[in-house]
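Single-structure report; data block below.
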Amino acid sequence: MEHHENDNADEVFTEERISEELERYRSIVLSACSSLGNLQPVSVSVHETHKVKNERPVLSVSGKQMEYVPSDDCLSSLKDIKRYIQMDEQGEGKLVLEWLGDWNVLETDIIPIFIYNAKKLLSAARSNREDSEWDRDIALKTAMLCVELFVFTTWSMDSEPEEVKAKFIRILRSYKRTFANSDVVSNLLSVAVMYARKSVSIEKEMMLIKGILYVFRNILAIPDPFVSPSSNGLSQIESHDTLIAVLDKELAIDFFLTLASSADHNRYKDLRPTLLDIIYFIFYRVPASALFERPQTWFKTKTNEMRQGRHNNFGGVYAVSTGEGTIMPVFSAKEVLEPFANLFKKHNKVRKPKSAEDGPVDRQWRTVDPLCIPIFRRIAATFIESCFNPFIGALFEDLKTTTTVVNETIPRLLYTCAYFVDISLANPEIELGCTCVLVQTHVFGQIMRNTSTYIELKRWADLEPAMYCIQQILFALGKMRGTKLDSLSEYVLSNLFYDGDALDLFVKLCRVYKPTINTRAFLEQVAKLAETFLGTLKAYAQSKAGLLVKKRVKKRSQKKKSDEKIERSGSGSDHNDEDKTQNDTESGQEMLASGDEADEETTGVVAAINEENSGDSDSDHEEQLVERTFDFSKYERAFAVNDVVKTYSHLLAPPSSMENVYPMLYRIAVTSQRPQLFFKRDIMLRLLVLFDSQFTYPHRTEVLDLASWIFRQYMTVIASPSLRNHYKAEELGNKLAVECMLTFLKESQLGTSVEPVITRHIIDLLAADDNNKSDGEKTDYVVGGDGNEKGKRIDEDTQNKMFSDSVLAPPVQSGGYDYDMNDIDFDDAFDI
């Protein structure tokens with residue numbers, strides 16, 4: 001008996017049995033689809049024929065028109081199909097959705113059924129006859145089922161495995177082309193508008209409105225095949241612009257904007273996230289620069305003409321004229337500079353991020369149809385002026401009640417906010433008050449807290465739009481100063497700069513970059529935000545005297561203090577003498593502070609960035625909030641640490657975002673007087689790339705002057721074993737690179753305008769430490785001097801020989817990068 005049962009069990013899981021079950025299941029689904037309805041000839045008048053001649057193509061038979069007529073079992077069949085899809089969700093193959101796509105059921109059956117019932121609903125609403133109540137109820141149920149199937153079949157497959165996504169992308173794109181049709185959009189919109197106009201709607205009607213918005217959201221979210229803006233001669237095969245044009249023609253976009261402007265009403269609370277997605281996907285891959293290249297065509301040449309349409313009585317929002325000119329988006333004359341191919345040939349292979357996270361925005365900007373640019377501008381103008389404050393404010397109010405630490409809606413909200421603030425700031429015709437909801441203290445505080453959470457949870461894809469949003473808010477606050485909104489800007493900035501934790505946040509942002517995890521675009525955003533913040537902070541601090549900041553400090557507990565007091569009581573005066581001697585010694589050696597060990601504290605504002613290096617346990621300290629006078633120069637020194645230098649150096653090869661990188665490097669090397677932080681092989685090699693004549697970038701002269709200034713001091717340090725060991729400097733390890741740099745520095749005046757921090761007379765101080773060493777341990781080489789030199793004197797020729805040999809020593813294995821320096825033509829790079 002047991003043997004017989006095992007045989008049956010084995011038979012169930014054979015491939016043949018599985019194929020038979022799948023075929024049987026497929027036949028059941030096909031039967032349900034075949035029972036939905038069919039085309040039937042319907043007599044039409046000549047007037048009706050002309051009425052539909054510009055709509056979807058129809059077949060005519062001897063004066064009759066073929067129209068789709070649902071069967072008597074249509075409602076039951078729709079329910080069966082919905083059940084099959086829900087059952088299919090429990091598996092992995094999405095077989096039912098795939099079959100529906102292969103059979104084209106959406107276009108041939110479900111859409112015609114919806115249009116048929118939508119017309120019945122509109123007709124019944126106009127007649128208000130009691131005998132049509134039953135027909136109206138059946139039509140409403142059928143329309144709701146059709147909308148549910150629209151949502152199921154067009155739902156994004158981004159969360160599915162790659163093989164499933166690749167299989168369904170073709171089906172989804174065909175659905176997008178199907179919905180980019182005036183007849184389909186107008187019927188969907190007519191039903192939604194009919195129920196939205198009612199002062200009181202029943203639950204089914206609100207569900208139908210929400211479902212129709214889901215459909216539009218899903219269709220807009222379907223990605224088109226990407227064609228790079230730099231591709232010449234390739235036709236744009238996207239259907240997104242076609243869909244936008246149809247939505248604009250049928251006033252669907254006006255409907256979305258009207259709902260968004262009323263989103264602060266409780267009736268539309270459940271629609272807010274869906275409306276946010278719709279607004280986001282309308283502008284998907286559209287660069288903000290395409291919408292404000294010529295702002296005068298956007299807000300000037302206004303006209304009082306109103307667009308005519310069947311939904312004018314609904315109260316749609318109308319924008320000002322966009323003008324008659326059509327403007328192509330202006331992109332950079334060159335693509336982003338490719339990596340220094342030969343120099344970083346191996347580097348590109350080993351340092352590529354392990355996984356490129358899909359952020360809330362696709363950075364691959366697309367070319368926009370010139371005919372659609374006025375439409376995008378009208379939408380953006382209307383949204384900013386009529387919808388931004390109530391809509392965005394309502395969404396942030398919703399976030400207060402959320403219980404989840406991480407919400408998928410938040411990054412998209414932050415990006416959308418930043419995107420439209422970016423557009424508004426570039427157009428002087430837009431009043432600053434149109435986006436002032438973002439600069440309210442509680443909203444800005446939410447954004448800062450979310451940013452801090454993303455850093456702690458290492459959600460880098462979500463962090464990027466948060467940084468973009470903060471950057472645009474800072475721009476807006478700076479622009480508000482001196483205007484009628486000056487008091488609001490003053491209040492927000494004073495609260496921001498008073499919070500020491502907020503100031504710490506920007507230092508942390510400059511230290512989180514990891515080349516194997518984060519993208520280059522992420523790092524560029526970090527550099528932009530840091531420079532924007534420091535510029536705003538500096539301007540504000542200069543305008544205020546006695547600026548205070550609240551910071552967290554750790555003080556020793558009373559028990560720890562009493563224990564130390566008891567220990568010191570028995571040591572007497574000898575202990576004090578030792579402390580005095582030690583302090584004098586440290587003061588004498590202050591100018592020789594190591595780049596890795598000294599001045600790591602972030603004095604004035606940032607507290608204990610490197611707490612992990614402290615020997616005291618947290619139990620011995622009590623955290624307190626204290627007020628301190630803010631010193632901007634001390635806060636700048638918080639960025640002069642190894643992690644920040646290493647992070648920014650990744651933007652040097654190839655050079656990018658130099659308008660934001662150069663001020664930070666100058667701040668670290670010159671202002672904070674810490675050029676020794678650059679004396680690492682990887683960083684110095686990246687500095688070499690800046691001299692390559694093939695690269696052009698902003699502030700090139702200033703950048704090369706700073707790099708030369710660093711290299712001159714690097715050569716000084718690397719020539720002395722004592723200085724080299726003291727600063728932990730690493731050799732370049734490439735003979736050709738060093739010879740070219742030496743020749744360049746000898747013939748060029750770059751790097752001489754600023755007094756060096758590290759000079760050769762420092763060797764005399766180091767040599768003084770050798771007095772207690774044996775003669776064999778003295779390895780310093782004195783150059784120049786004042787007659788009291790300590791150490792061994794050498795002539796100029798011997799010094800140069802040892803200098804070159806030291807620089808050309810084998811490289812220290814840092815375990816980070818593998819450059820092929822011999823692949824670059826340094827003679828050409830340095831114009832030698």
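Ordering of the structure tokens sets the chain letters (A, B, ...); residue numbers start at 1 within each chain; ligands are numbered from 1 in the order shown.
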
Margin query: At a cut-off of 9 Å, using only C-alpha atoms, what residues contact Asp135 of chain A? Leave out same-chain residues fewer than 6 positions from it and give the result as a list in words.
Written below: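 That gives Lys120, Leu121 and Ala124 of chain A.
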
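Note that the spacing between atom CA of Thr441 of chain A and atom CA of Cys510 of chain A amounts to 24.4 Å.
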
Note to self: I'd like to know which of A:Leu220, A:Ala541, A:Leu172, A:Val200 is closest to Arg267 of chain A, using only C-alpha atoms.
What the structure shows: A:Val200

Next item on the list: Could you check how far atom CA of Ser289 of chain A sits from atom CA of Ala380 of chain A, in Å to one decimal?
Entry: 12.4 Å

Next item on the list: For segment 471-488 of chain A, please output as a list of chain:residue names all residues within 8 Å (counting only C-alpha atoms; exclusion window: fewer than 2 positions along the same chain).
Entry: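 With the cut-off at 8 Å, the set is A:Ala418, A:Val421, A:Asp422, A:Leu425, A:Leu432, A:Gly433, A:Leu438, A:Val439, A:Gln440, A:Met467, A:Tyr468, A:Cys469, A:Glu490, A:Tyr491, A:Val492, A:Leu493, A:Lys528, A:Leu529, A:Thr532, A:Phe533, A:Thr536.
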
Write out, as a short mmCIF file (atom, residue, chain, number, x, y, z; two decimals), in the first residue's frame, the residues just selected, with N, CA, C and O atoms.
data_model
loop_
_atom_site.label_atom_id
_atom_site.label_comp_id
_atom_site.auth_asym_id
_atom_site.auth_seq_id
_atom_site.Cartn_x
_atom_site.Cartn_y
_atom_site.Cartn_z
N ALA A 418 12.52 68.71 -4.50
CA ALA A 418 13.75 69.34 -4.98
C ALA A 418 13.66 69.68 -6.46
O ALA A 418 14.14 70.73 -6.89
N VAL A 421 11.48 72.82 -6.88
CA VAL A 421 12.17 73.99 -6.33
C VAL A 421 13.30 74.40 -7.25
O VAL A 421 13.53 75.60 -7.47
N ASP A 422 14.00 73.43 -7.82
CA ASP A 422 15.06 73.70 -8.78
C ASP A 422 14.51 74.50 -9.96
O ASP A 422 15.12 75.48 -10.42
N LEU A 425 13.41 78.19 -8.77
CA LEU A 425 14.52 79.11 -8.49
C LEU A 425 15.15 79.63 -9.77
O LEU A 425 15.74 80.71 -9.78
N LEU A 432 8.80 83.34 -4.66
CA LEU A 432 9.45 82.43 -3.72
C LEU A 432 8.45 81.78 -2.77
O LEU A 432 8.68 80.68 -2.27
N GLY A 433 7.34 82.45 -2.52
CA GLY A 433 6.36 81.90 -1.60
C GLY A 433 5.64 80.68 -2.12
O GLY A 433 4.98 79.97 -1.35
N LEU A 438 8.36 74.12 2.21
CA LEU A 438 9.55 73.33 2.51
C LEU A 438 10.43 73.99 3.57
O LEU A 438 11.20 73.30 4.25
N VAL A 439 10.38 75.32 3.66
CA VAL A 439 11.27 76.01 4.59
C VAL A 439 10.60 76.24 5.94
O VAL A 439 11.14 76.97 6.77
N GLN A 440 9.45 75.64 6.15
CA GLN A 440 8.89 75.66 7.49
C GLN A 440 9.72 74.76 8.40
O GLN A 440 10.21 73.72 7.97
N MET A 467 19.68 64.57 -0.12
CA MET A 467 20.71 65.60 -0.26
C MET A 467 20.32 66.63 -1.30
O MET A 467 20.54 67.84 -1.13
N TYR A 468 19.74 66.17 -2.41
CA TYR A 468 19.27 67.08 -3.45
C TYR A 468 18.22 68.04 -2.90
O TYR A 468 18.24 69.25 -3.19
N CYS A 469 17.33 67.54 -2.07
CA CYS A 469 16.27 68.36 -1.48
C CYS A 469 16.86 69.40 -0.53
O CYS A 469 16.47 70.58 -0.57
N GLU A 490 15.40 83.85 8.02
CA GLU A 490 16.21 84.08 9.22
C GLU A 490 15.87 83.07 10.31
O GLU A 490 16.76 82.52 10.97
N TYR A 491 14.59 82.81 10.47
CA TYR A 491 14.15 81.89 11.52
C TYR A 491 14.64 80.46 11.26
O TYR A 491 15.14 79.79 12.16
N VAL A 492 14.51 80.01 10.01
CA VAL A 492 14.90 78.64 9.68
C VAL A 492 16.42 78.48 9.78
O VAL A 492 16.92 77.49 10.35
N LEU A 493 17.18 79.44 9.25
CA LEU A 493 18.63 79.33 9.29
C LEU A 493 19.16 79.40 10.71
O LEU A 493 20.11 78.68 11.06
N LYS A 528 28.32 68.80 -3.97
CA LYS A 528 27.45 69.96 -4.21
C LYS A 528 26.79 70.43 -2.92
O LYS A 528 26.74 71.62 -2.62
N LEU A 529 26.24 69.47 -2.16
CA LEU A 529 25.55 69.84 -0.94
C LEU A 529 26.50 70.43 0.09
O LEU A 529 26.18 71.44 0.75
N THR A 532 27.37 73.97 -0.91
CA THR A 532 26.21 74.84 -0.73
C THR A 532 26.00 75.16 0.74
O THR A 532 25.75 76.31 1.11
N PHE A 533 26.10 74.15 1.57
CA PHE A 533 25.89 74.36 3.01
C PHE A 533 26.97 75.26 3.60
O PHE A 533 26.66 76.20 4.36
N THR A 536 26.39 78.86 2.54
CA THR A 536 25.27 79.46 3.25
C THR A 536 25.64 79.75 4.70
O THR A 536 25.31 80.81 5.25
#

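Using only C-alpha atoms for every distance, the candidate list A:Arg285, A:Arg217, A:Lys119, A:Arg667 yields A:Arg285 as the residue closest to Thr367 of chain A.
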
Checklist line | Distance criterion (only C-alpha atoms): nearest to Trp460 of chain A out of A:Val703, A:Asp504, A:Pro428, A:Leu509 | finding: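 The answer is A:Leu509, which sits nearest to Trp460 of chain A.
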
Check: Residues at most 10 Å from Ile683 of chain A, counting only C-alpha atoms, excluding those fewer than 4 positions away in the same chain, as a ChimeraX atom specification?
Finding: /A:645-650,652-653,677-679,687-688,730,732

Could you write out the selected residues, including C-alpha atoms, as a PDB file, in the first residue's frame?
ATOM      1  CA  VAL A 645      40.369  63.896   1.457  1.00  0.00           C
ATOM      2  CA  LYS A 646      40.127  60.326   0.264  1.00  0.00           C
ATOM      3  CA  THR A 647      36.450  60.782  -0.600  1.00  0.00           C
ATOM      4  CA  TYR A 648      36.962  63.933  -2.648  1.00  0.00           C
ATOM      5  CA  SER A 649      39.992  62.515  -4.428  1.00  0.00           C
ATOM      6  CA  HIS A 650      37.704  60.129  -6.319  1.00  0.00           C
ATOM      7  CA  LEU A 652      39.813  63.992  -9.546  1.00  0.00           C
ATOM      8  CA  ALA A 653      40.205  61.090 -11.958  1.00  0.00           C
ATOM      9  CA  LEU A 677      46.614  64.487   4.298  1.00  0.00           C
ATOM     10  CA  PHE A 678      47.210  64.197   0.550  1.00  0.00           C
ATOM     11  CA  PHE A 679      50.526  62.332   0.853  1.00  0.00           C
ATOM     12  CA  LEU A 687      46.260  64.677  -8.440  1.00  0.00           C
ATOM     13  CA  LEU A 688      48.584  63.842 -11.332  1.00  0.00           C
ATOM     14  CA  GLU A 730      53.873  57.055   0.436  1.00  0.00           C
ATOM     15  CA  LEU A 732      54.544  57.226  -6.140  1.00  0.00           C
TER      16      LEU A 732
END

Note to self: Could you list, as a VMD selection string, every residue within 12 Å of segment 748-755 of chain A, counting only C-alpha atoms and ignoring same-chain residues fewer than 6 positions away?
What the structure shows: chain A and resid 666 669 to 671 673 691 700 to 714 740 to 742 830 to 832

Note to self: Give me the residues near Lys198 of chain A as number ranges by chain, where near means some atom within 12 Å (using only C-alpha atoms) and where sequence neighbours in that chain fewer than 6 positions away do not count.
What the structure shows: A: 125, 191-192, 205-206, 209, 267, 314

Next item on the list: Find the spatial neighbours of Asn218 of chain A, counting only C-alpha atoms, within a cut-off of 6 Å - ignore same-chain residues fewer than 3 positions away - and output them as a PyMOL selection string.
Entry: chain A and resi 154-155+215+221

Next item on the list: Can you list, as a PyMOL selection string, all residues belonging to segment 59-237 of chain A that DSSP tags as helix (DSSP H, G or I)?
Entry: chain A and resi 74-88+95-103+105-127+130-154+162-179+182-196+203-221

Output the selection as a tab-separated table (two decimals), in the first residue's frame - C-alpha atoms for each residue.
chain	number	residue	atom	x	y	z
A	74	CYS	CA	-19.24	38.89	-18.89
A	75	LEU	CA	-19.33	39.82	-15.19
A	76	SER	CA	-18.77	36.22	-14.08
A	77	SER	CA	-15.92	35.77	-16.54
A	78	LEU	CA	-14.22	38.93	-15.31
A	79	LYS	CA	-14.46	37.62	-11.76
A	80	ASP	CA	-12.92	34.32	-12.87
A	81	ILE	CA	-10.01	36.07	-14.56
A	82	LYS	CA	-9.40	38.17	-11.46
A	83	ARG	CA	-9.39	35.01	-9.32
A	84	TYR	CA	-6.93	33.30	-11.67
A	85	ILE	CA	-4.57	36.29	-11.46
A	86	GLN	CA	-4.74	36.28	-7.66
A	87	MET	CA	-4.02	32.56	-7.60
A	88	ASP	CA	-1.13	33.17	-9.98
A	95	LEU	CA	1.66	32.53	-16.08
A	96	VAL	CA	-1.84	34.02	-16.23
A	97	LEU	CA	-0.55	37.55	-16.80
A	98	GLU	CA	1.78	36.22	-19.49
A	99	TRP	CA	-1.08	34.41	-21.24
A	100	LEU	CA	-3.28	37.50	-21.11
A	101	GLY	CA	-0.49	39.49	-22.71
A	102	ASP	CA	0.10	36.91	-25.44
A	103	TRP	CA	-3.62	36.79	-26.24
A	105	VAL	CA	-7.03	40.30	-23.98
A	106	LEU	CA	-6.60	43.78	-22.52
A	107	GLU	CA	-6.96	45.57	-25.85
A	108	THR	CA	-9.45	43.24	-27.56
A	109	ASP	CA	-11.83	42.57	-24.64
A	110	ILE	CA	-11.32	44.31	-21.31
A	111	ILE	CA	-10.91	47.87	-22.62
A	112	PRO	CA	-13.98	47.62	-24.92
A	113	ILE	CA	-16.01	46.20	-22.00
A	114	PHE	CA	-14.99	49.14	-19.81
A	115	ILE	CA	-15.84	51.68	-22.53
A	116	TYR	CA	-19.23	50.02	-23.07
A	117	ASN	CA	-20.12	50.21	-19.38
A	118	ALA	CA	-18.62	53.67	-18.93
A	119	LYS	CA	-21.03	54.99	-21.55
A	120	LYS	CA	-23.92	53.30	-19.75
A	121	LEU	CA	-22.91	54.91	-16.46
A	122	LEU	CA	-22.68	58.36	-18.03
A	123	SER	CA	-26.02	57.89	-19.78
A	124	ALA	CA	-27.71	56.71	-16.59
A	125	ALA	CA	-26.30	59.66	-14.65
A	126	ARG	CA	-27.77	62.09	-17.18
A	127	SER	CA	-31.20	60.43	-17.26
A	130	GLU	CA	-35.26	54.91	-11.42
A	131	ASP	CA	-35.76	51.98	-13.81
A	132	SER	CA	-32.12	52.30	-14.83
A	133	GLU	CA	-30.85	51.81	-11.25
A	134	TRP	CA	-30.30	48.09	-11.73
A	135	ASP	CA	-28.43	48.59	-15.00
A	136	ARG	CA	-26.34	51.30	-13.35
A	137	ASP	CA	-25.34	48.97	-10.52
A	138	ILE	CA	-24.31	46.20	-12.93
A	139	ALA	CA	-22.40	48.68	-15.08
A	140	LEU	CA	-20.60	50.03	-12.00
A	141	LYS	CA	-19.58	46.55	-10.84
A	142	THR	CA	-18.36	45.63	-14.32
A	143	ALA	CA	-16.42	48.89	-14.69
A	144	MET	CA	-14.79	48.35	-11.29
A	145	LEU	CA	-13.73	44.82	-12.27
A	146	CYS	CA	-12.26	46.13	-15.52
A	147	VAL	CA	-10.28	48.79	-13.63
A	148	GLU	CA	-9.00	46.16	-11.18
A	149	LEU	CA	-7.78	44.06	-14.11
A	150	PHE	CA	-6.15	47.16	-15.63
A	151	VAL	CA	-4.24	47.61	-12.37
A	152	PHE	CA	-3.23	43.94	-12.15
A	153	THR	CA	-2.02	43.70	-15.75
A	154	THR	CA	-0.07	46.99	-15.75
A	162	GLU	CA	15.39	39.73	-13.80
A	163	GLU	CA	14.09	36.94	-16.05
A	164	VAL	CA	10.50	37.84	-15.18
A	165	LYS	CA	11.12	41.54	-15.77
A	166	ALA	CA	12.72	40.87	-19.15
A	167	LYS	CA	9.78	38.67	-20.17
A	168	PHE	CA	7.09	41.19	-19.24
A	169	ILE	CA	8.70	44.43	-20.40
A	170	ARG	CA	7.51	43.86	-23.96
A	171	ILE	CA	3.95	43.20	-22.76
A	172	LEU	CA	3.92	46.27	-20.52
A	173	ARG	CA	5.15	48.53	-23.30
A	174	SER	CA	2.40	47.27	-25.59
A	175	TYR	CA	-0.13	48.13	-22.84
A	176	LYS	CA	1.34	51.65	-22.65
A	177	ARG	CA	0.82	52.16	-26.38
A	178	THR	CA	-2.75	50.84	-26.02
A	179	PHE	CA	-3.63	53.33	-23.29
A	182	SER	CA	-7.84	59.42	-26.71
A	183	ASP	CA	-10.88	57.14	-26.61
A	184	VAL	CA	-9.49	55.07	-23.73
A	185	VAL	CA	-8.24	58.06	-21.72
A	186	SER	CA	-11.42	60.08	-22.21
A	187	ASN	CA	-13.67	57.26	-20.94
A	188	LEU	CA	-11.47	56.58	-17.92
A	189	LEU	CA	-11.41	60.28	-17.14
A	190	SER	CA	-15.16	60.75	-17.68
A	191	VAL	CA	-16.01	58.14	-15.05
A	192	ALA	CA	-13.49	59.54	-12.55
A	193	VAL	CA	-14.70	63.12	-13.05
A	194	MET	CA	-18.35	62.10	-12.76
A	195	TYR	CA	-17.85	60.66	-9.28
A	196	ALA	CA	-15.28	63.24	-8.14
A	203	GLU	CA	-17.22	53.79	-0.97
A	204	LYS	CA	-17.44	51.99	-4.33
A	205	GLU	CA	-17.26	55.26	-6.23
A	206	MET	CA	-14.18	56.44	-4.31
A	207	MET	CA	-12.56	53.05	-4.90
A	208	LEU	CA	-13.24	53.46	-8.62
A	209	ILE	CA	-11.60	56.91	-8.63
A	210	LYS	CA	-8.60	55.53	-6.77
A	211	GLY	CA	-8.39	52.56	-9.15
A	212	ILE	CA	-8.41	54.81	-12.22
A	213	LEU	CA	-5.58	56.88	-10.72
A	214	TYR	CA	-3.68	53.63	-10.12
A	215	VAL	CA	-4.10	52.79	-13.80
A	216	PHE	CA	-2.67	56.14	-14.91
A	217	ARG	CA	0.17	55.76	-12.40
A	218	ASN	CA	1.04	52.27	-13.65
A	219	ILE	CA	0.95	53.29	-17.31
A	220	LEU	CA	3.15	56.33	-16.73
A	221	ALA	CA	5.62	54.19	-14.76

Next item on the list: Record the distance separating atom CA of Ser201 of chain A and atom CA of Thr401 of chain A, expressed in Å with one decimal.
Entry: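 If I compute the distance from atom CA of Ser201 of chain A to atom CA of Thr401 of chain A, I get 25.6 Å.
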